[in-house]
Each structure stands twice: as C-alpha cells, then as structure tokens.
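my_file-v7.cif follows (mmCIF, C-alpha atoms):
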data_model
#
loop_
_atom_site.group_PDB
_atom_site.id
_atom_site.type_symbol
_atom_site.label_atom_id
_atom_site.label_comp_id
_atom_site.auth_asym_id
_atom_site.auth_seq_id
_atom_site.Cartn_x
_atom_site.Cartn_y
_atom_site.Cartn_z
ATOM 1 C CA MET U 1 13.307 22.296 -13.470
ATOM 2 C CA SER U 2 9.637 21.533 -13.087
ATOM 3 C CA HIS U 3 8.947 17.814 -13.208
ATOM 4 C CA ILE U 4 8.687 15.078 -10.575
ATOM 5 C CA LEU U 5 9.850 11.471 -10.876
ATOM 6 C CA VAL U 6 8.321 8.936 -8.504
ATOM 7 C CA ALA U 7 8.628 5.217 -7.910
ATOM 8 C CA ASP U 8 6.850 2.468 -6.006
ATOM 9 C CA VAL U 9 9.485 -0.235 -5.529
ATOM 10 C CA GLY U 10 8.361 -3.797 -4.842
ATOM 11 C CA GLY U 11 9.857 -7.241 -4.909
ATOM 12 C CA THR U 12 7.781 -8.292 -7.917
ATOM 13 C CA LYS U 13 7.273 -5.093 -9.859
ATOM 14 C CA LEU U 14 8.671 -1.605 -10.111
ATOM 15 C CA ALA U 15 6.201 1.180 -10.895
ATOM 16 C CA THR U 16 7.519 4.594 -11.928
ATOM 17 C CA ALA U 17 5.798 7.767 -13.066
ATOM 18 C CA LEU U 18 6.440 11.306 -14.245
ATOM 19 C CA PHE U 19 4.370 14.204 -12.891
ATOM 20 C CA ASN U 20 4.374 17.868 -13.887
ATOM 21 C CA GLN U 21 4.819 20.789 -11.476
ATOM 22 C CA HIS U 22 1.066 20.755 -10.785
ATOM 23 C CA GLN U 23 1.314 17.148 -9.541
ATOM 24 C CA GLN U 24 -0.586 15.869 -12.562
ATOM 25 C CA LEU U 25 0.333 12.407 -13.803
ATOM 26 C CA LEU U 26 1.856 12.574 -17.290
ATOM 27 C CA ILE U 27 3.103 9.044 -17.882
ATOM 28 C CA LYS U 28 3.775 5.866 -15.943
ATOM 29 C CA ARG U 29 5.343 2.482 -16.562
ATOM 30 C CA GLU U 30 5.654 -0.832 -14.790
ATOM 31 C CA VAL U 31 8.438 -3.393 -15.152
ATOM 32 C CA PRO U 32 9.493 -6.541 -13.290
ATOM 33 C CA SER U 33 11.856 -5.780 -10.414
ATOM 34 C CA ASP U 34 15.389 -7.059 -10.963
ATOM 35 C CA ILE U 35 16.208 -8.228 -7.436
ATOM 36 C CA SER U 36 19.278 -10.290 -8.389
ATOM 37 C CA THR U 37 21.519 -7.769 -6.589
ATOM 38 C CA ARG U 38 21.111 -4.421 -4.854
ATOM 39 C CA ASP U 39 22.808 -2.595 -7.731
ATOM 40 C CA ALA U 40 20.733 -4.432 -10.320
ATOM 41 C CA LEU U 41 17.542 -3.185 -8.686
ATOM 42 C CA PHE U 42 18.912 0.353 -8.433
ATOM 43 C CA HIS U 43 19.862 0.423 -12.125
ATOM 44 C CA CYS U 44 16.439 -1.011 -12.958
ATOM 45 C CA LEU U 45 15.008 2.055 -11.208
ATOM 46 C CA ILE U 46 17.310 4.512 -13.006
ATOM 47 C CA ASN U 47 16.634 2.899 -16.390
ATOM 48 C CA SER U 48 12.905 3.230 -15.859
ATOM 49 C CA PHE U 49 13.336 6.905 -14.960
ATOM 50 C CA GLU U 50 15.406 7.443 -18.105
ATOM 51 C CA LEU U 51 12.755 5.904 -20.335
ATOM 52 C CA LEU U 52 10.036 8.096 -18.834
ATOM 53 C CA CYS U 53 12.107 11.229 -19.447
ATOM 54 C CA MET U 54 13.030 10.195 -22.988
ATOM 55 C CA GLU U 55 9.381 9.669 -23.889
ATOM 56 C CA LYS U 56 8.590 13.243 -22.812
ATOM 57 C CA LYS U 57 11.827 14.617 -24.310
ATOM 58 C CA LEU U 58 13.212 15.589 -20.900
ATOM 59 C CA SER U 59 16.592 15.113 -19.260
ATOM 60 C CA PHE U 60 17.399 14.507 -15.616
ATOM 61 C CA LYS U 61 18.236 18.234 -15.388
ATOM 62 C CA ASP U 62 14.523 18.952 -15.859
ATOM 63 C CA ILE U 63 13.632 17.039 -12.690
ATOM 64 C CA SER U 64 12.988 19.071 -9.540
ATOM 65 C CA LYS U 65 12.040 16.207 -7.210
ATOM 66 C CA VAL U 66 12.553 12.446 -6.986
ATOM 67 C CA SER U 67 10.358 10.619 -4.479
ATOM 68 C CA ILE U 68 10.137 6.875 -3.912
ATOM 69 C CA GLY U 69 8.196 4.457 -1.739
ATOM 70 C CA LEU U 70 9.849 1.304 -0.400
ATOM 71 C CA PRO U 71 8.541 -1.750 1.449
ATOM 72 C CA GLY U 72 9.710 -2.585 4.940
ATOM 73 C CA ILE U 73 11.652 -0.490 7.415
ATOM 74 C CA VAL U 74 13.169 2.807 6.268
ATOM 75 C CA ASP U 75 15.030 5.686 7.875
ATOM 76 C CA VAL U 76 13.452 8.750 6.322
ATOM 77 C CA GLN U 77 15.882 11.194 7.899
ATOM 78 C CA LYS U 78 19.002 9.373 6.715
ATOM 79 C CA GLY U 79 17.510 8.233 3.410
ATOM 80 C CA LEU U 80 18.237 4.570 4.120
ATOM 81 C CA ALA U 81 16.368 1.420 3.139
ATOM 82 C CA ILE U 82 16.955 -0.440 6.416
ATOM 83 C CA TYR U 83 15.231 -3.794 6.006
ATOM 84 C CA GLN U 84 13.016 -5.390 3.356
ATOM 85 C CA ASN U 85 12.229 -9.079 3.080
ATOM 86 C CA ASN U 86 11.548 -9.001 -0.661
ATOM 87 C CA ILE U 87 14.193 -6.670 -2.125
ATOM 88 C CA PRO U 88 18.006 -6.714 -1.581
ATOM 89 C CA TRP U 89 18.349 -3.225 -0.117
ATOM 90 C CA ARG U 90 19.448 -3.883 3.470
ATOM 91 C CA ASN U 91 20.920 -0.630 4.857
ATOM 92 C CA PHE U 92 21.007 0.714 1.307
ATOM 93 C CA PRO U 93 21.687 4.481 0.968
ATOM 94 C CA ILE U 94 19.025 5.018 -1.666
ATOM 95 C CA CYS U 95 18.838 8.830 -1.355
ATOM 96 C CA GLU U 96 22.627 9.189 -1.528
ATOM 97 C CA ARG U 97 22.717 7.039 -4.663
ATOM 98 C CA LEU U 98 19.946 9.062 -6.296
ATOM 99 C CA VAL U 99 21.833 12.306 -5.670
ATOM 100 C CA GLU U 100 24.541 11.005 -8.036
ATOM 101 C CA PHE U 101 22.019 11.190 -10.894
ATOM 102 C CA PHE U 102 19.918 14.124 -9.644
ATOM 103 C CA PRO U 103 22.382 16.479 -7.903
ATOM 104 C CA HIS U 104 20.038 19.487 -8.036
ATOM 105 C CA ALA U 105 16.744 17.754 -7.281
ATOM 106 C CA GLN U 106 14.943 17.294 -3.976
ATOM 107 C CA ILE U 107 15.298 13.611 -3.015
ATOM 108 C CA MET U 108 12.640 11.993 -0.827
ATOM 109 C CA MET U 109 11.775 8.480 0.305
ATOM 110 C CA ASP U 110 9.398 6.766 2.715
ATOM 111 C CA ASN U 111 7.705 3.469 3.396
ATOM 112 C CA ASP U 112 5.407 2.479 0.520
ATOM 113 C CA VAL U 113 2.332 2.200 2.744
ATOM 114 C CA HIS U 114 2.943 5.733 4.026
ATOM 115 C CA MET U 115 3.190 6.976 0.444
ATOM 116 C CA ALA U 116 -0.075 5.267 -0.511
ATOM 117 C CA ALA U 117 -1.772 6.610 2.610
ATOM 118 C CA TRP U 118 -0.633 10.127 1.714
ATOM 119 C CA GLY U 119 -2.047 9.683 -1.783
ATOM 120 C CA GLU U 120 -5.421 8.686 -0.345
ATOM 121 C CA TYR U 121 -5.370 11.461 2.259
ATOM 122 C CA ASN U 122 -4.815 14.113 -0.403
ATOM 123 C CA ALA U 123 -7.333 12.535 -2.784
ATOM 124 C CA ARG U 124 -9.997 13.285 -0.171
ATOM 125 C CA GLY U 125 -8.835 16.839 0.386
ATOM 126 C CA PHE U 126 -7.995 16.067 4.025
ATOM 127 C CA GLN U 127 -5.809 18.442 6.028
ATOM 128 C CA LYS U 128 -6.655 18.036 9.718
ATOM 129 C CA GLU U 129 -8.580 14.763 9.632
ATOM 130 C CA THR U 130 -7.567 11.414 11.116
ATOM 131 C CA MET U 131 -7.364 8.671 8.486
ATOM 132 C CA VAL U 132 -6.175 5.069 8.603
ATOM 133 C CA TYR U 133 -5.030 3.397 5.393
ATOM 134 C CA VAL U 134 -5.014 -0.419 5.454
ATOM 135 C CA THR U 135 -3.305 -2.342 2.670
ATOM 136 C CA LEU U 136 -3.878 -6.052 2.058
ATOM 137 C CA SER U 137 -1.949 -7.983 -0.584
ATOM 138 C CA THR U 138 0.947 -10.401 0.003
ATOM 139 C CA GLY U 139 1.120 -8.842 3.463
ATOM 140 C CA ILE U 140 -0.986 -6.530 5.569
ATOM 141 C CA SER U 141 -0.163 -3.300 7.378
ATOM 142 C CA CYS U 142 -1.577 0.151 7.933
ATOM 143 C CA CYS U 143 -0.644 3.796 8.250
ATOM 144 C CA THR U 144 -2.397 6.405 10.383
ATOM 145 C CA ILE U 145 -2.364 10.122 9.573
ATOM 146 C CA VAL U 146 -3.455 12.611 12.238
ATOM 147 C CA ASN U 147 -3.707 16.344 11.521
ATOM 148 C CA GLY U 148 -1.704 15.880 8.332
ATOM 149 C CA GLU U 149 1.149 14.066 10.113
ATOM 150 C CA PHE U 150 2.121 10.385 10.059
ATOM 151 C CA LEU U 151 1.736 8.505 13.315
ATOM 152 C CA ARG U 152 5.084 6.651 13.319
ATOM 153 C CA GLY U 153 5.608 5.735 16.979
ATOM 154 C CA THR U 154 9.237 4.683 17.415
ATOM 155 C CA GLY U 155 9.312 3.438 13.837
ATOM 156 C CA LEU U 156 7.099 0.351 13.604
ATOM 157 C CA ALA U 157 3.606 1.790 14.036
ATOM 158 C CA GLY U 158 1.067 0.138 11.751
ATOM 159 C CA GLU U 159 2.525 -3.370 11.591
ATOM 160 C CA ILE U 160 -0.874 -4.924 12.265
ATOM 161 C CA GLY U 161 0.141 -8.097 10.438
ATOM 162 C CA PHE U 162 1.726 -9.260 13.703
ATOM 163 C CA ASN U 163 -1.561 -8.922 15.592
ATOM 164 C CA ILE U 164 -2.601 -12.267 17.138
ATOM 165 C CA VAL U 165 -6.049 -13.300 15.896
ATOM 166 C CA GLY U 166 -6.099 -17.116 16.236
ATOM 167 C CA HIS U 167 -6.429 -19.364 19.280
ATOM 168 C CA ALA U 168 -3.178 -21.092 18.344
ATOM 169 C CA GLY U 169 -1.301 -17.821 18.017
ATOM 170 C CA GLU U 170 -1.909 -17.215 14.308
ATOM 171 C CA THR U 171 -1.201 -13.651 13.248
ATOM 172 C CA LEU U 172 -3.431 -11.458 11.130
ATOM 173 C CA GLU U 173 -1.019 -11.768 8.206
ATOM 174 C CA GLU U 174 -0.973 -15.561 8.521
ATOM 175 C CA SER U 175 -4.771 -15.539 8.431
ATOM 176 C CA VAL U 176 -5.804 -12.988 5.805
ATOM 177 C CA ALA U 177 -2.861 -12.083 3.516
ATOM 178 C CA GLY U 178 -2.927 -13.305 -0.080
ATOM 179 C CA PRO U 179 -0.524 -16.266 0.368
ATOM 180 C CA ALA U 180 -2.424 -17.458 3.457
ATOM 181 C CA ILE U 181 -5.787 -17.401 1.701
ATOM 182 C CA GLU U 182 -4.299 -19.094 -1.356
ATOM 183 C CA LYS U 183 -2.792 -21.830 0.823
ATOM 184 C CA LEU U 184 -6.051 -22.461 2.675
ATOM 185 C CA GLY U 185 -8.058 -22.461 -0.541
ATOM 186 C CA ARG U 186 -5.763 -25.006 -2.174
ATOM 187 C CA VAL U 187 -6.136 -27.362 0.784
ATOM 188 C CA LEU U 188 -9.910 -27.112 1.005
ATOM 189 C CA LEU U 189 -10.416 -27.249 -2.766
ATOM 190 C CA GLY U 190 -7.957 -30.117 -3.172
ATOM 191 C CA ASN U 191 -6.159 -28.254 -5.933
ATOM 192 C CA SER U 192 -2.485 -27.479 -5.264
ATOM 193 C CA ALA U 193 -2.087 -25.383 -8.425
ATOM 194 C CA ILE U 194 -5.102 -23.058 -8.273
ATOM 195 C CA ARG U 195 -4.305 -19.358 -7.848
ATOM 196 C CA LEU U 196 -6.075 -16.747 -5.740
ATOM 197 C CA LYS U 197 -7.494 -15.008 -8.827
ATOM 198 C CA ASP U 198 -9.241 -18.231 -9.884
ATOM 199 C CA MET U 199 -10.394 -18.833 -6.324
ATOM 200 C CA MET U 200 -12.099 -15.449 -6.299
ATOM 201 C CA GLU U 201 -13.923 -16.311 -9.520
ATOM 202 C CA LEU U 202 -15.259 -19.409 -7.788
ATOM 203 C CA TYR U 203 -16.278 -17.297 -4.806
ATOM 204 C CA TYR U 204 -18.338 -14.917 -6.948
ATOM 205 C CA LYS U 205 -20.028 -17.912 -8.539
ATOM 206 C CA GLY U 206 -21.215 -18.995 -5.095
ATOM 207 C CA ASP U 207 -18.769 -21.819 -4.417
ATOM 208 C CA PRO U 208 -19.451 -22.915 -0.784
ATOM 209 C CA ILE U 209 -15.814 -23.823 -0.096
ATOM 210 C CA MET U 210 -14.559 -20.422 -1.176
ATOM 211 C CA GLU U 211 -17.312 -18.739 0.818
ATOM 212 C CA LYS U 212 -15.840 -20.475 3.869
ATOM 213 C CA VAL U 213 -12.326 -19.354 2.945
ATOM 214 C CA LEU U 214 -13.335 -15.725 2.417
ATOM 215 C CA GLN U 215 -15.330 -15.706 5.632
ATOM 216 C CA GLN U 216 -11.990 -15.934 7.425
ATOM 217 C CA ILE U 217 -10.906 -12.624 5.884
ATOM 218 C CA ILE U 218 -14.237 -10.999 6.734
ATOM 219 C CA ASP U 219 -14.179 -12.170 10.351
ATOM 220 C CA CYS U 220 -10.555 -11.210 11.014
ATOM 221 C CA MET U 221 -10.762 -7.829 9.290
ATOM 222 C CA GLU U 222 -14.015 -6.978 11.010
ATOM 223 C CA LYS U 223 -12.364 -7.445 14.398
ATOM 224 C CA GLN U 224 -9.281 -5.444 13.364
ATOM 225 C CA LEU U 225 -11.299 -2.518 11.992
ATOM 226 C CA HIS U 226 -13.616 -2.585 14.983
ATOM 227 C CA GLN U 227 -10.578 -2.085 17.245
ATOM 228 C CA MET U 228 -9.386 0.817 15.070
ATOM 229 C CA ILE U 229 -12.764 2.533 15.305
ATOM 230 C CA LEU U 230 -12.864 2.183 19.088
ATOM 231 C CA MET U 231 -9.248 3.262 19.620
ATOM 232 C CA LEU U 232 -8.942 6.131 17.131
ATOM 233 C CA ASP U 233 -12.494 7.129 16.141
ATOM 234 C CA PRO U 234 -11.034 8.252 12.790
ATOM 235 C CA HIS U 235 -12.779 10.306 10.140
ATOM 236 C CA CYS U 236 -11.999 7.636 7.538
ATOM 237 C CA ILE U 237 -10.567 4.132 7.161
ATOM 238 C CA VAL U 238 -9.423 3.319 3.629
ATOM 239 C CA LEU U 239 -9.062 -0.308 2.510
ATOM 240 C CA GLY U 240 -6.523 -0.610 -0.308
ATOM 241 C CA GLY U 241 -3.775 -2.832 -1.630
ATOM 242 C CA GLY U 242 -3.883 -5.518 -4.281
ATOM 243 C CA PHE U 243 -6.674 -7.529 -2.659
ATOM 244 C CA PHE U 244 -9.125 -4.841 -1.542
ATOM 245 C CA ASN U 245 -8.643 -2.805 -4.734
ATOM 246 C CA HIS U 246 -10.179 -5.665 -6.718
ATOM 247 C CA GLN U 247 -12.739 -6.949 -4.211
ATOM 248 C CA PRO U 248 -15.271 -4.211 -3.366
ATOM 249 C CA LYS U 249 -17.845 -6.871 -2.453
ATOM 250 C CA ILE U 250 -15.638 -8.069 0.402
ATOM 251 C CA ILE U 251 -15.360 -4.503 1.714
ATOM 252 C CA GLU U 252 -19.150 -4.187 1.752
ATOM 253 C CA GLN U 253 -19.503 -7.499 3.591
ATOM 254 C CA ILE U 254 -16.974 -6.402 6.208
ATOM 255 C CA LYS U 255 -18.941 -3.179 6.694
ATOM 256 C CA GLU U 256 -22.180 -5.137 7.130
ATOM 257 C CA VAL U 257 -20.673 -7.250 9.912
ATOM 258 C CA ILE U 258 -19.266 -4.173 11.658
ATOM 259 C CA GLN U 259 -22.628 -2.456 11.338
ATOM 260 C CA GLN U 260 -24.237 -5.244 13.365
ATOM 261 C CA ARG U 261 -21.480 -5.146 15.985
ATOM 262 C CA LEU U 262 -21.891 -1.389 16.489
ATOM 263 C CA LEU U 263 -25.683 -1.381 16.817
ATOM 264 C CA ARG U 264 -26.958 0.240 20.021
ATOM 265 C CA THR U 265 -23.506 1.555 20.935
ATOM 266 C CA PRO U 266 -22.153 5.133 20.832
ATOM 267 C CA PHE U 267 -20.351 4.081 17.630
ATOM 268 C CA GLU U 268 -23.490 3.053 15.743
ATOM 269 C CA GLY U 269 -23.204 3.989 12.061
ATOM 270 C CA LYS U 270 -19.414 4.368 12.156
ATOM 271 C CA GLU U 271 -19.053 1.568 9.587
ATOM 272 C CA GLN U 272 -19.774 4.259 7.002
ATOM 273 C CA ILE U 273 -16.294 5.732 7.504
ATOM 274 C CA ILE U 274 -14.827 2.606 5.862
ATOM 275 C CA GLU U 275 -14.134 3.317 2.185
ATOM 276 C CA SER U 276 -12.488 1.781 -0.848
ATOM 277 C CA SER U 277 -9.291 3.312 -2.194
ATOM 278 C CA ILE U 278 -9.762 6.216 -4.599
ATOM 279 C CA ARG U 279 -6.331 6.017 -6.240
ATOM 280 C CA LYS U 280 -6.206 2.195 -6.250
ATOM 281 C CA ALA U 281 -2.832 0.944 -7.532
ATOM 282 C CA GLU U 282 -1.684 4.511 -8.208
ATOM 283 C CA ALA U 283 -2.070 5.641 -4.593
ATOM 284 C CA GLY U 284 1.637 5.225 -3.854
ATOM 285 C CA LEU U 285 2.672 7.134 -6.980
ATOM 286 C CA TYR U 286 0.390 10.071 -6.213
ATOM 287 C CA GLY U 287 1.452 10.047 -2.590
ATOM 288 C CA ALA U 288 5.111 10.184 -3.562
ATOM 289 C CA ALA U 289 4.469 13.089 -5.942
ATOM 290 C CA MET U 290 2.605 15.048 -3.280
ATOM 291 C CA LYS U 291 4.989 14.262 -0.415
#
Can you give me the file's structure in the form of structure tokens?
Amino acid sequence: MSHILVADVGGTKLATALFNQHQQLLIKREVPSDISTRDALFHCLINSFELLCMEKKLSFKDISKVSIGLPGIVDVQKGLAIYQNNIPWRNFPICERLVEFFPHAQIMMDNDVHMAAWGEYNARGFQKETMVYVTLSTGISCCTIVNGEFLRGTGLAGEIGFNIVGHAGETLEESVAGPAIEKLGRVLLGNSAIRLKDMMELYYKGDPIMEKVLQQIIDCMEKQLHQMILMLDPHCIVLGGGFFNHQPKIIEQIKEVIQQRLLRTPFEGKEQIIESSIRKAEAGLYGAAMK
C-alpha cells in the first residue's frame, strides 16, 4: 500500500486526486457535487476515487491514506462533518463511512481552509513560521498556523467573514465575498444577469463603475489584513481562494494601500509578507496529501 487518495468537497464541485508515496500528484479529476442527499454525495466521492484508481490500474487495497477537506464545521477527532451550509452532511460520520471502503488505510479529514493552508505552508517549506491563509470566493475565512500547528481556538477560529466592517453592521462576507460583489455590480451596472467574471473583464478595461465596486474589496481587505499584521506579526499572509487566485492585480492594489498605512510605523514594509497562493486551486489537495 503506497498511494494516497484526497478530496476537496464543495457544494458545487468535488475535486479528487491520487498521490504517490512521495506526495507527488499523479492524477486529479473534478466533477459536479451531487448534493441531492447525503448518501448521493458520499457515493459521488467514492465513484470519483474508483475512477482515479482504475485509470492507474490500482485497487482500494493499494491505498495507504485517504484524506479529505470539507467546508464548514468539522470534528477532526471524531471524524464528523458537523455543519455545512452548502452540502447535506450535517453530523455525518464521514471517516466511519470511508473505513467501510478502506479498512486498512489511514483516514483523515479537516476543514477545507485548513487543508489549503497546510498546502501553502508546506509549499513554502515552513516548519516553525507563523502563516495566515485567507480564502475569498463565495465566502471568506482564514486559517492561522503557528509553529506547524493550527490555531483552532475552541473550534471557530478564522471565521473572519462575521467581522463587522460597515456602519450599518455589514459583515466582511456581506461586503467582499463573490455573491456580494456580484449583487452590488448588478445594481450599479443596471444589469441583473451579468456575472462576476464579466464584471472583472469590465474592471480591467477601466470601467469606472467596476472600479468603484472593486474599491470596496480593496478597502475592506486592507483593514482586515492590517489588523492581522498588528495582532500576529506573521511571517506570511497568503491570499487564495477562487477570487484571489485569478486576480493578482487586486492583491497588488491591497498591498499598495497597506504600504501607505504602515509608513513611519514599526511595521513599515510588512506589506511584503502578503503573497499570492502558490498551489492555487490545488492547495487543498496538496494539503490533504501532506496532512
């Protein structure tokens, strides 16, 4: 037994991959998540694993570890998917179910942001450093690793999406996550059907309305990252997730604003610790393989 199966389970898509014993990626696949029922999603996961093994002429007996990342709240010790708002796995015993198919393999699971953070941490060769991984897509959250260990608190550490950033009580997620930006852009552009991808094309063409929309992300994220720098003084802050992975220009603009804020303070120059993701969309898969 020498191979590793990993998965990044989401409400829209299910990404799976096969790694060898040296944690090298051999093959990966992505399919739509079947969230019609909890069992349907589980069998979608098993079917994807089977196809990966078949393509490399392996059986489940050749698998030494199965490691998956899940959204929402998880109980790592008990192997439970506690609560997710986009997949039907409330209090779902995912590790116990996987043992039925992989009785001799090591079974692991964790929150998907933690898995992605671990992938980024290892990609940089970190061991004792402090790193914060921030993911922005349909939601926003973060994971902090200190001395090679996750900072979990009592279980909800990193849920920065609930941070209040607006005068009327708007949260960070309500202000900068993909759906929020798309909603604001549709109102200001007067186009109820336009998608975020098309909005970003307008932005890069210099559209003044979209510049106003994106300024909201820059302003809110600058304040959030500024707080992280002051509180943790980390070695590195990584900006990842579906939005940041495709918008390096926005990351540079955020860094420019933070640079100005930190001038003539003991933290001057600390904006340079803010980096783009190395693993991009594969961060969670690599993190799961290396967990």
Find the spatial neighbours of Asn163 of chain U, counting only C-alpha atoms, within a cut-off of 9 Å - ignore same-chain residues fewer than 5 positions away - and output them as JSON, numbers by chain. {"U": [170, 171, 172, 173, 224]}
Apply the PyMOL selection byres ((chain U and resi 234) around 10) to the file shown and report the selected residues as a JSON list (two decimals) with C-alpha atoms, in the coordinates of the input.
[["chain", "number", "residue", "atom", "x", "y", "z"],
["U", 129, "GLU", "CA", -8.58, 14.76, 9.63],
["U", 130, "THR", "CA", -7.57, 11.41, 11.12],
["U", 131, "MET", "CA", -7.36, 8.67, 8.49],
["U", 132, "VAL", "CA", -6.18, 5.07, 8.60],
["U", 144, "THR", "CA", -2.40, 6.40, 10.38],
["U", 145, "ILE", "CA", -2.36, 10.12, 9.57],
["U", 146, "VAL", "CA", -3.46, 12.61, 12.24],
["U", 228, "MET", "CA", -9.39, 0.82, 15.07],
["U", 229, "ILE", "CA", -12.76, 2.53, 15.30],
["U", 230, "LEU", "CA", -12.86, 2.18, 19.09],
["U", 231, "MET", "CA", -9.25, 3.26, 19.62],
["U", 232, "LEU", "CA", -8.94, 6.13, 17.13],
["U", 233, "ASP", "CA", -12.49, 7.13, 16.14],
["U", 235, "HIS", "CA", -12.78, 10.31, 10.14],
["U", 236, "CYS", "CA", -12.00, 7.64, 7.54],
["U", 237, "ILE", "CA", -10.57, 4.13, 7.16],
["U", 270, "LYS", "CA", -19.41, 4.37, 12.16],
["U", 273, "ILE", "CA", -16.29, 5.73, 7.50],
["U", 274, "ILE", "CA", -14.83, 2.61, 5.86]]
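Residues matched by the PyMOL selection byres ((chain U and resi 252) around 10) in this file are U:Ile218, U:Gln247, U:Pro248, U:Lys249, U:Ile250, U:Ile251, U:Gln253, U:Ile254, U:Lys255, U:Glu256, U:Val257, U:Ile258, U:Glu271, U:Gln272, U:Ile274, U:Glu275, U:Ser276.
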Quick one: which residues end up in the PyMOL selection byres ((chain U and resi 165) around 12) for this structure, as an MDAnalysis selection string? chainID U and resid 160:164 166:176 216:217 219:224
How many Å lie between atom CA of Ile278 of chain U and atom CA of Ala117 of chain U, rounded to one decimal?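 Between these atoms lies a distance of 10.8 Å.
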With distances taken over all atoms listed in the file, which of U:Ala288, U:Ile181, U:Thr265, U:Asn91 is nearest to Leu136 of chain U? U:Ile181
Residues at most 9 Å from Gly185 of chain U, counting all atoms listed in the file, excluding those fewer than 3 positions away in the same chain, as a ChimeraX atom specification? /U:180-182,188-192,194-196,199,209-210,213
Keeping only C-alpha atoms, take the residues you just selected and write them out as an mmCIF file, in the frame of the given file.
data_model
loop_
_atom_site.group_PDB
_atom_site.id
_atom_site.type_symbol
_atom_site.label_atom_id
_atom_site.label_comp_id
_atom_site.auth_asym_id
_atom_site.auth_seq_id
_atom_site.Cartn_x
_atom_site.Cartn_y
_atom_site.Cartn_z
ATOM 1 C CA ALA U 180 -2.424 -17.458 3.457
ATOM 2 C CA ILE U 181 -5.787 -17.401 1.701
ATOM 3 C CA GLU U 182 -4.299 -19.094 -1.356
ATOM 4 C CA LEU U 188 -9.910 -27.112 1.005
ATOM 5 C CA LEU U 189 -10.416 -27.249 -2.766
ATOM 6 C CA GLY U 190 -7.957 -30.117 -3.172
ATOM 7 C CA ASN U 191 -6.159 -28.254 -5.933
ATOM 8 C CA SER U 192 -2.485 -27.479 -5.264
ATOM 9 C CA ILE U 194 -5.102 -23.058 -8.273
ATOM 10 C CA ARG U 195 -4.305 -19.358 -7.848
ATOM 11 C CA LEU U 196 -6.075 -16.747 -5.740
ATOM 12 C CA MET U 199 -10.394 -18.833 -6.324
ATOM 13 C CA ILE U 209 -15.814 -23.823 -0.096
ATOM 14 C CA MET U 210 -14.559 -20.422 -1.176
ATOM 15 C CA VAL U 213 -12.326 -19.354 2.945
#
Counting all atoms listed in the file, the residue of U:Ala123, U:Leu225, U:Ala193, U:Leu263 that sits nearest Cys142 of chain U: U:Leu225
I'd like the interatomic distance between atom CA of Glu96 of chain U and atom CA of Glu149 of chain U, to a tenth of an Å. 24.9 Å
What residues have an atom no more than 10 Å from (22.2, 7.8, -1.0) in the file's own frame, counting all atoms listed in the file, and can you write them as a PyMOL selection string? chain U and resi 78-81+92-100+107
Val66 of chain U: which residues within 7 Å, counting all atoms listed in the file, same-chain residues fewer than 6 positions away excluded, as a count of residues only? 7
Report, in Å with one decimal, the straight-line distance from atom CA of Leu51 of chain U to atom CA of Pro32 of chain U.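 Pair atom CA of Leu51 of chain U / atom CA of Pro32 of chain U returns 14.7 Å.
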So, counting only C-alpha atoms, which residue among U:Leu214, U:Ala17, U:Cys53, U:Ile87 is closest to Ser33 of chain U? U:Ile87
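Comparing U:Met54, U:Val134, U:Leu45, U:Cys143 by their smallest distance to Asn111 of chain U, the closest is U:Cys143 (using all atoms listed in the file).
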Let me make sure I understand: among U:Gln127, U:Gln24, U:Ser67, U:Ser141, which one has the smallest atom-to-atom distance to Val113 of chain U if we use all atoms listed in the file?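 Nearest to Val113 of chain U: U:Ser141.
The shell of residues at most 6 Å from Lys280 of chain U, with only C-alpha atoms counted and near chain neighbours (fewer than 3 positions) removed, consists of Asn245, Ser277 and Ala283 of chain U.
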File of the preceding selection, C-alpha atoms, as a PDB file, keeping the file's coordinate frame:
ATOM      1  CA  ASN U 245      -8.643  -2.805  -4.734  1.00  0.00           C
ATOM      2  CA  SER U 277      -9.291   3.312  -2.194  1.00  0.00           C
ATOM      3  CA  ALA U 283      -2.070   5.641  -4.593  1.00  0.00           C
TER       4      ALA U 283
END
